[in-house]
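Text of final-v4.txt (compact mmCIF, C-alpha atoms and all ligand atoms) as supplied:
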```
# COMPACT_ATOMS: atom_id res chain seq x y z
CA MET A 1 144.25 133.59 -22.60
CA TYR A 2 147.43 135.61 -23.00
CA LYS A 3 150.26 135.53 -25.50
CA LYS A 4 153.89 136.70 -25.63
CA GLY A 5 155.10 138.54 -28.71
CA LEU A 6 157.43 141.15 -30.17
CA TYR A 7 155.95 144.52 -31.11
CA LYS A 8 157.55 147.25 -33.22
CA ILE A 9 157.26 150.84 -32.00
CA LEU A 10 155.62 153.00 -34.69
CA ARG A 11 155.31 156.22 -32.67
CA ASN A 12 156.25 157.42 -29.17
CA GLU A 13 155.19 160.98 -28.40
CA PRO A 14 154.63 163.19 -25.35
CA LEU A 15 151.05 164.29 -24.57
CA THR A 16 151.98 166.33 -21.46
CA ALA A 17 155.21 166.91 -19.49
CA SER A 18 155.08 163.36 -18.08
CA VAL A 19 152.48 161.38 -20.09
CA TRP A 20 153.42 159.66 -23.34
CA ARG A 21 151.54 157.81 -26.06
CA MET A 22 153.18 154.82 -27.73
CA THR A 23 151.77 153.05 -30.79
CA LEU A 24 153.02 149.53 -31.51
CA ALA A 25 152.53 147.17 -34.45
CA GLY A 26 152.05 143.43 -33.91
CA ASP A 27 149.58 140.65 -33.16
CA THR A 28 146.45 142.00 -31.45
CA GLN A 29 144.22 138.92 -31.72
CA TRP A 30 144.61 138.06 -28.03
CA ILE A 31 143.06 141.32 -26.87
CA ALA A 32 139.44 140.45 -26.16
CA ALA A 33 137.90 143.37 -24.23
CA PRO A 34 138.44 147.06 -23.40
CA GLY A 35 140.22 147.46 -20.07
CA GLN A 36 142.64 144.57 -20.59
CA PHE A 37 146.34 145.30 -20.14
CA VAL A 38 149.72 144.35 -21.59
CA ASP A 39 152.82 143.48 -19.56
CA ILE A 40 156.05 144.92 -20.93
CA ALA A 41 159.55 143.44 -20.54
CA LEU A 42 162.19 146.14 -20.10
CA ASP A 43 165.98 145.80 -20.04
CA GLY A 44 167.42 145.54 -16.55
CA HIS A 45 164.06 144.87 -14.86
CA TYR A 46 163.07 141.42 -13.67
CA LEU A 47 159.36 142.30 -13.38
CA ARG A 48 157.37 143.36 -16.43
CA ARG A 49 155.47 146.68 -16.28
CA PRO A 50 151.65 146.49 -16.70
CA ILE A 51 150.04 149.17 -18.90
CA SER A 52 146.38 149.27 -19.97
CA VAL A 53 145.43 149.00 -23.62
CA CYS A 54 144.19 152.48 -24.51
CA ASP A 55 143.14 151.45 -28.02
CA TYR A 56 143.77 148.72 -30.55
CA ASP A 57 142.80 147.55 -34.02
CA GLY A 58 143.74 144.58 -36.21
CA GLU A 59 147.43 145.52 -36.33
CA THR A 60 148.25 148.15 -33.72
CA ILE A 61 148.08 148.77 -29.97
CA THR A 62 148.10 152.24 -28.40
CA LEU A 63 149.40 152.69 -24.85
CA VAL A 64 149.29 155.92 -22.82
CA TYR A 65 151.70 155.91 -19.89
CA LYS A 66 153.00 158.26 -17.23
CA VAL A 67 156.71 158.40 -16.48
CA VAL A 68 156.94 157.60 -12.76
CA GLY A 69 160.10 155.50 -12.40
CA GLU A 70 162.94 153.83 -14.24
CA GLY A 71 160.81 151.46 -16.37
CA THR A 72 158.46 154.08 -17.79
CA SER A 73 161.38 156.49 -18.16
CA GLN A 74 163.14 153.85 -20.29
CA MET A 75 159.97 153.53 -22.40
CA SER A 76 159.88 157.30 -23.03
CA ARG A 77 163.41 157.15 -24.50
CA MET A 78 162.54 154.45 -27.04
CA ILE A 79 162.42 155.42 -30.70
CA PRO A 80 160.30 154.20 -33.63
CA GLY A 81 161.63 150.96 -35.09
CA ALA A 82 162.68 149.52 -31.72
CA GLN A 83 160.97 146.33 -30.53
CA LEU A 84 159.25 145.56 -27.24
CA ASP A 85 158.44 142.16 -25.73
CA LEU A 86 154.79 142.20 -24.60
CA LEU A 87 152.33 139.81 -23.01
CA THR A 88 148.90 140.68 -24.44
CA GLY A 89 145.37 139.55 -23.59
CA LEU A 90 145.86 140.01 -19.83
CA GLY A 91 143.03 140.63 -17.37
CA ASN A 92 139.28 140.39 -17.72
CA GLY A 93 138.49 143.89 -19.01
CA PHE A 94 135.23 145.84 -18.88
CA SER A 95 132.00 144.26 -20.06
CA VAL A 96 129.17 146.01 -21.88
CA VAL A 97 126.03 145.26 -19.88
CA ASP A 98 122.36 145.91 -20.69
CA ALA A 99 122.06 148.10 -17.57
CA ALA A 100 124.47 150.60 -19.16
CA GLN A 101 122.27 152.39 -21.72
CA ARG A 102 123.44 155.86 -20.56
CA PRO A 103 126.82 155.03 -18.99
CA LEU A 104 129.09 157.47 -17.20
CA LEU A 105 132.83 156.81 -17.56
CA VAL A 106 135.09 158.22 -14.84
CA GLY A 107 138.87 158.39 -15.20
CA GLY A 108 141.47 159.81 -12.85
CA GLY A 109 145.00 160.56 -14.14
CA VAL A 110 146.55 157.46 -15.69
CA GLY A 111 143.24 155.69 -15.11
CA VAL A 112 141.94 157.53 -18.19
CA PRO A 113 143.60 155.44 -20.97
CA PRO A 114 141.60 152.16 -20.70
CA LEU A 115 138.34 154.16 -20.94
CA TYR A 116 139.11 155.23 -24.51
CA ASN A 117 138.54 151.85 -26.17
CA LEU A 118 135.65 151.24 -23.75
CA ALA A 119 134.00 154.48 -24.96
CA LYS A 120 134.41 153.36 -28.58
CA THR A 121 132.90 149.97 -27.77
CA LEU A 122 129.92 151.48 -25.91
CA LEU A 123 129.26 154.03 -28.68
CA ALA A 124 129.38 151.25 -31.29
CA ALA A 125 126.76 149.41 -29.20
CA GLY A 126 124.49 152.47 -29.49
CA ARG A 127 124.96 153.75 -25.92
CA ARG A 128 124.98 157.46 -24.99
CA VAL A 129 128.36 158.00 -23.33
CA GLN A 130 129.35 160.73 -20.86
CA ILE A 131 132.85 160.92 -19.39
CA VAL A 132 134.40 162.78 -16.47
CA LEU A 133 138.19 163.12 -16.51
CA GLY A 134 139.96 164.12 -13.29
CA PHE A 135 143.43 165.69 -13.02
CA ASN A 136 145.35 167.88 -10.60
CA THR A 137 145.98 170.83 -12.94
CA ALA A 138 145.25 172.03 -16.51
CA GLN A 139 148.83 171.09 -17.52
CA GLU A 140 148.10 167.43 -16.74
CA VAL A 141 144.94 167.14 -18.85
CA PHE A 142 145.13 164.66 -21.73
CA TYR A 143 142.64 162.89 -24.04
CA ALA A 144 139.70 165.29 -23.42
CA ASP A 145 139.70 166.25 -27.12
CA GLU A 146 140.02 162.61 -28.19
CA PHE A 147 136.90 161.65 -26.18
CA ARG A 148 135.00 164.67 -27.58
CA ALA A 149 136.01 163.63 -31.12
CA LEU A 150 134.51 160.18 -30.48
CA GLY A 151 131.17 161.83 -29.58
CA CYS A 152 131.26 161.52 -25.77
CA THR A 153 129.88 164.33 -23.59
CA THR A 154 133.16 165.20 -21.85
CA VAL A 155 133.64 167.00 -18.53
CA VAL A 156 137.08 167.82 -17.11
CA ALA A 157 137.69 168.35 -13.37
CA THR A 158 140.92 169.71 -11.92
CA ALA A 159 141.76 169.83 -8.23
CA ASP A 160 143.11 173.41 -8.50
CA GLY A 161 140.33 174.67 -10.78
CA SER A 162 142.74 175.61 -13.60
CA ALA A 163 140.57 173.72 -16.16
CA GLY A 164 136.93 172.64 -16.11
CA VAL A 165 135.13 172.05 -12.82
CA ARG A 166 137.15 172.86 -9.67
CA GLY A 167 137.48 169.81 -7.45
CA PHE A 168 137.40 166.04 -7.75
CA VAL A 169 135.53 163.84 -10.22
CA THR A 170 132.75 163.41 -7.63
CA ASP A 171 132.25 167.23 -7.60
CA ALA A 172 132.03 167.26 -11.41
CA ILE A 173 129.53 164.38 -11.40
CA ALA A 174 127.32 166.20 -8.89
CA ALA A 175 127.47 169.44 -10.91
CA GLU A 176 127.37 168.23 -14.51
CA CYS A 177 126.09 164.65 -14.78
CA PRO A 178 122.52 164.37 -13.48
CA ASP A 179 121.49 161.53 -15.79
CA PHE A 180 123.34 158.21 -16.06
CA ASP A 181 122.28 154.66 -15.32
CA TYR A 182 125.63 152.87 -14.79
CA PHE A 183 129.30 153.79 -14.36
CA TYR A 184 132.71 152.51 -15.41
CA ALA A 185 135.76 153.86 -13.58
CA CYS A 186 139.55 153.63 -13.45
CA GLY A 187 141.87 155.72 -11.31
CA PRO A 188 143.52 156.00 -7.91
CA LEU A 189 142.06 153.99 -5.03
CA PRO A 190 140.70 157.03 -3.09
CA MET A 191 138.84 158.14 -6.21
CA LEU A 192 137.30 154.70 -6.75
CA ARG A 193 136.27 154.49 -3.12
CA ALA A 194 134.70 157.98 -3.09
CA LEU A 195 132.77 157.12 -6.24
CA CYS A 196 131.33 153.96 -4.73
CA GLU A 197 130.31 155.88 -1.59
CA ARG A 198 128.65 158.78 -3.44
CA VAL A 199 127.14 157.22 -6.56
CA ALA A 200 124.00 155.12 -6.15
CA GLN A 201 124.20 153.43 -9.57
CA ASP A 202 125.93 150.09 -10.16
CA GLY A 203 129.23 149.99 -11.95
CA GLN A 204 132.54 148.39 -12.83
CA LEU A 205 135.90 149.58 -11.48
CA SER A 206 139.39 148.85 -12.74
CA PHE A 207 142.18 148.56 -10.14
CA GLU A 208 145.77 149.38 -11.11
CA GLU A 209 147.45 147.51 -8.23
CA ARG A 210 151.14 146.68 -8.04
CA MET A 211 151.76 143.33 -9.71
CA GLY A 212 154.29 140.54 -9.82
CA CYS A 213 153.92 138.05 -12.67
CA GLY A 214 150.84 139.70 -14.24
CA PHE A 215 149.30 136.43 -15.46
CA GLY A 216 147.95 134.70 -12.36
CA GLY A 217 150.93 132.65 -11.22
CA CYS A 218 152.31 134.34 -8.09
CA MET A 219 149.24 135.47 -6.06
CA GLY A 220 151.09 138.79 -5.52
CA CYS A 221 148.05 140.84 -6.50
CA SER A 222 145.41 138.89 -4.56
CA CYS A 223 142.63 140.90 -2.89
CA GLN A 224 139.56 139.99 -0.86
CA THR A 225 136.11 140.33 -2.47
CA LYS A 226 132.62 139.37 -1.28
CA ASP A 227 132.97 136.30 -3.54
CA GLY A 228 136.31 135.30 -1.97
CA PRO A 229 139.92 136.15 -2.94
CA LYS A 230 140.58 137.32 -6.49
CA ARG A 231 143.79 138.04 -8.38
CA ILE A 232 143.66 141.56 -9.81
CA CYS A 233 145.75 140.47 -12.82
CA ARG A 234 143.54 137.49 -13.72
CA GLU A 235 140.01 137.82 -12.28
CA GLY A 236 140.48 141.63 -12.46
CA PRO A 237 141.61 144.33 -12.98
CA VAL A 238 137.89 145.07 -13.37
CA LEU A 239 135.62 144.26 -10.41
CA THR A 240 131.94 145.11 -10.03
CA LYS A 241 130.92 147.66 -7.40
CA ASP A 242 128.86 145.12 -5.46
CA GLU A 243 131.71 142.60 -4.99
CA ILE A 244 134.33 145.03 -3.63
CA VAL A 245 135.37 144.88 0.04
CA TRP A 246 136.89 148.29 0.92
C1 LIG N 1 146.48 146.65 -14.62
C2 LIG N 1 147.33 147.89 -14.62
C3 LIG N 1 147.19 148.81 -15.64
C4 LIG N 1 147.97 149.98 -15.63
N1 LIG N 1 147.80 150.85 -16.66
C5 LIG N 1 148.53 151.97 -16.72
C6 LIG N 1 148.39 152.88 -17.81
O1 LIG N 1 147.58 152.69 -18.73
N2 LIG N 1 149.18 153.98 -17.82
C7 LIG N 1 150.10 154.23 -16.81
O2 LIG N 1 150.79 155.24 -16.87
N3 LIG N 1 150.26 153.38 -15.78
C8 LIG N 1 149.51 152.25 -15.70
N4 LIG N 1 149.70 151.37 -14.67
C9 LIG N 1 150.74 151.68 -13.65
C10 LIG N 1 152.10 151.26 -14.20
O3 LIG N 1 152.15 149.85 -14.26
C11 LIG N 1 153.23 151.75 -13.28
O4 LIG N 1 153.23 153.15 -13.24
C12 LIG N 1 154.58 151.28 -13.81
O5 LIG N 1 154.68 149.88 -13.70
C13 LIG N 1 155.72 151.93 -13.04
O6 LIG N 1 156.91 151.38 -13.53
P1 LIG N 1 158.31 152.15 -13.34
O7 LIG N 1 159.39 151.16 -13.55
O8 LIG N 1 158.35 153.38 -14.19
O9 LIG N 1 158.23 152.64 -11.88
P2 LIG N 1 158.80 151.93 -10.57
O10 LIG N 1 160.24 152.29 -10.49
O11 LIG N 1 158.40 150.51 -10.51
O12 LIG N 1 157.98 152.74 -9.51
C14 LIG N 1 158.10 154.14 -9.45
C15 LIG N 1 156.87 154.75 -8.81
O13 LIG N 1 155.69 154.26 -9.44
C16 LIG N 1 154.81 153.71 -8.48
N5 LIG N 1 154.17 152.51 -9.06
C17 LIG N 1 154.77 151.37 -9.40
N6 LIG N 1 153.88 150.47 -9.85
C18 LIG N 1 152.68 151.06 -9.80
C19 LIG N 1 151.34 150.65 -10.12
N7 LIG N 1 151.05 149.43 -10.55
N8 LIG N 1 150.34 151.55 -9.98
C20 LIG N 1 150.61 152.78 -9.52
N9 LIG N 1 151.84 153.22 -9.19
C21 LIG N 1 152.85 152.38 -9.32
C22 LIG N 1 155.68 153.35 -7.32
O14 LIG N 1 154.95 153.38 -6.10
C23 LIG N 1 156.74 154.41 -7.36
O15 LIG N 1 156.33 155.57 -6.70
C24 LIG N 1 148.93 150.22 -14.61
C25 LIG N 1 149.08 149.28 -13.60
C26 LIG N 1 148.29 148.14 -13.59
C27 LIG N 1 148.47 147.13 -12.51
S1 LIG N 2 150.58 139.44 -10.33
FE1 LIG N 2 151.02 137.32 -10.08
S2 LIG N 2 149.06 136.50 -9.62
FE2 LIG N 2 148.62 138.57 -10.13
```
Translate the structure described by the file into structure tokens.
Ligand SMILES: Cc1cc2nc3c(=O)[nH]c(=O)nc-3n(C[C@H](O)[C@H](O)[C@H](O)COP(=O)(O)OP(=O)(O)OC[C@H]3O[C@@H](n4cnc5c(N)ncnc54)[C@H](O)[C@@H]3O)c2cc1C
Ligand code: FES
Amino acid sequence: MYKKGLYKILRNEPLTASVWRMTLAGDTQWIAAPGQFVDIALDGHYLRRPISVCDYDGETITLVYKVVGEGTSQMSRMIPGAQLDLLTGLGNGFSVVDAAQRPLLVGGGVGVPPLYNLAKTLLAAGRRVQIVLGFNTAQEVFYADEFRALGCTTVVATADGSAGVRGFVTDAIAAECPDFDYFYACGPLPMLRALCERVAQDGQLSFEERMGCGFGGCMGCSCQTKDGPKRICREGPVLTKDEIVW
């Protein structure tokens, strides 16, 4: 179930040279699970831009986004008080399963944001949460302190070794995370694929594919799974490891 609404920008601040955090006030009752996304209408763009919900409460939604093109660049220029037209309650989101008593969360780049509210949800359910955050360089790292403040055991990996473990998230998992029983991941496709190949545990993965309508109407995001075709925007973005066809 999704809903269209107007949201007022409370804050819009840079976290790194290209990643911003925007906090919006408005109706959050349609957000049902961590890992769901919103779809944002922007002036001059026919297609809305999908961004994961990083965090939310009864009145506010926090989004963390990377400026990659005209739409996200437009967002970074918006000032508090301005209003944005959002669809909320989109996608299935992550589910908290019994198998995940000691879950490992794995985020790569802009795949990190949806794991924040997931971490809060898992911690509230009494789970012991570890997280591995992967970036290219130390300058790109964001949200490591926020995850530590929640109480997650937090490991950073950078491809050039300028912060944390040198290498990819799979290198950091091998070096620093010997004990987990389930994983949740969001990030670039090669990262998700490498994880599934190298990690024996079951898990859930969120796919940030290109989208058209964002709410299930156009079939533009359809992908093949072992259970037949699924729309990433509606039956995803979260798929389980065992249903994915690579
Ligand atoms: C379910 C979902 C959740 C997402 N969550 C986040 C998030 O939390 N934070 C965040 O920063 N981004 C997220 N994205 C990606 C985000 O939607 C795109 O970066 C954004 O739409 C680009 O818009 P633009 O107008 O700035 O760029 P465009 O001008 O449309 O494109 C510029 C560049 O961005 C690339 N791009 C466009 N769309 C995507 C996409 N869907 N995924 C990856 N690259 C893309 C293009 O290949 C191009 O190189 C998510 C995408 C999906 C589908
Ligand atoms: S984007 Fe239209 S069906 Fe998914």
Select, from A:Leu15, A:Ser52, A:Gly26, A:Arg234, the residue with the minimum atom-to-atom distance to Glu140 (chain A), counting all atoms listed in the file.
A:Leu15
Quick one, how far is atom C17 of ligand LIG 1 (chain N) from CA of Thr88 (chain A)?
19.4 Å
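Considering the residues A:Leu24, A:Met75, A:Ala33, A:Leu118 and counting all atoms listed in the file, ligand LIG 1 (chain N) has its shortest atom-to-atom contact with A:Met75.
Proximity ranking of A:Leu205, A:Cys223, A:Ala25, A:Val169 relative to Tyr7 (chain A) places A:Ala25 first, based on all atoms listed in the file.
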Could you list, as a PDB file with C-alpha atoms, keeping the file's coordinate frame, all the residues within 12 Å of ligand LIG 2 (chain N), counting only C-alpha atoms and all ligand atoms?
```pdb
ATOM      1  CA  ASP A  39     152.820 143.480 -19.560  1.00  0.00           C
ATOM      2  CA  LEU A  47     159.360 142.300 -13.380  1.00  0.00           C
ATOM      3  CA  ARG A  48     157.370 143.360 -16.430  1.00  0.00           C
ATOM      4  CA  ARG A  49     155.470 146.680 -16.280  1.00  0.00           C
ATOM      5  CA  PRO A  50     151.650 146.490 -16.700  1.00  0.00           C
ATOM      6  CA  LEU A  90     145.860 140.010 -19.830  1.00  0.00           C
ATOM      7  CA  GLY A  91     143.030 140.630 -17.370  1.00  0.00           C
ATOM      8  CA  PHE A 207     142.180 148.560 -10.140  1.00  0.00           C
ATOM      9  CA  GLU A 208     145.770 149.380 -11.110  1.00  0.00           C
ATOM     10  CA  GLU A 209     147.450 147.510  -8.230  1.00  0.00           C
ATOM     11  CA  ARG A 210     151.140 146.680  -8.040  1.00  0.00           C
ATOM     12  CA  MET A 211     151.760 143.330  -9.710  1.00  0.00           C
ATOM     13  CA  GLY A 212     154.290 140.540  -9.820  1.00  0.00           C
ATOM     14  CA  CYS A 213     153.920 138.050 -12.670  1.00  0.00           C
ATOM     15  CA  GLY A 214     150.840 139.700 -14.240  1.00  0.00           C
ATOM     16  CA  PHE A 215     149.300 136.430 -15.460  1.00  0.00           C
ATOM     17  CA  GLY A 216     147.950 134.700 -12.360  1.00  0.00           C
ATOM     18  CA  GLY A 217     150.930 132.650 -11.220  1.00  0.00           C
ATOM     19  CA  CYS A 218     152.310 134.340  -8.090  1.00  0.00           C
ATOM     20  CA  MET A 219     149.240 135.470  -6.060  1.00  0.00           C
ATOM     21  CA  GLY A 220     151.090 138.790  -5.520  1.00  0.00           C
ATOM     22  CA  CYS A 221     148.050 140.840  -6.500  1.00  0.00           C
ATOM     23  CA  SER A 222     145.410 138.890  -4.560  1.00  0.00           C
ATOM     24  CA  CYS A 223     142.630 140.900  -2.890  1.00  0.00           C
ATOM     25  CA  PRO A 229     139.920 136.150  -2.940  1.00  0.00           C
ATOM     26  CA  LYS A 230     140.580 137.320  -6.490  1.00  0.00           C
ATOM     27  CA  ARG A 231     143.790 138.040  -8.380  1.00  0.00           C
ATOM     28  CA  ILE A 232     143.660 141.560  -9.810  1.00  0.00           C
ATOM     29  CA  CYS A 233     145.750 140.470 -12.820  1.00  0.00           C
ATOM     30  CA  ARG A 234     143.540 137.490 -13.720  1.00  0.00           C
ATOM     31  CA  GLU A 235     140.010 137.820 -12.280  1.00  0.00           C
ATOM     32  CA  GLY A 236     140.480 141.630 -12.460  1.00  0.00           C
ATOM     33  CA  PRO A 237     141.610 144.330 -12.980  1.00  0.00           C
TER      34      PRO A 237
END
```
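Residue nearest ligand LIG 1 (chain N), chosen from A:Lys3, A:Arg77, A:Arg11, A:His45 and counting only C-alpha atoms and all ligand atoms: A:His45.
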Measuring atom to atom with all atoms listed in the file, identify which of A:Ser73, A:Gln224, A:Thr23, A:Gln204 is nearest to Leu192 (chain A).
A:Gln204
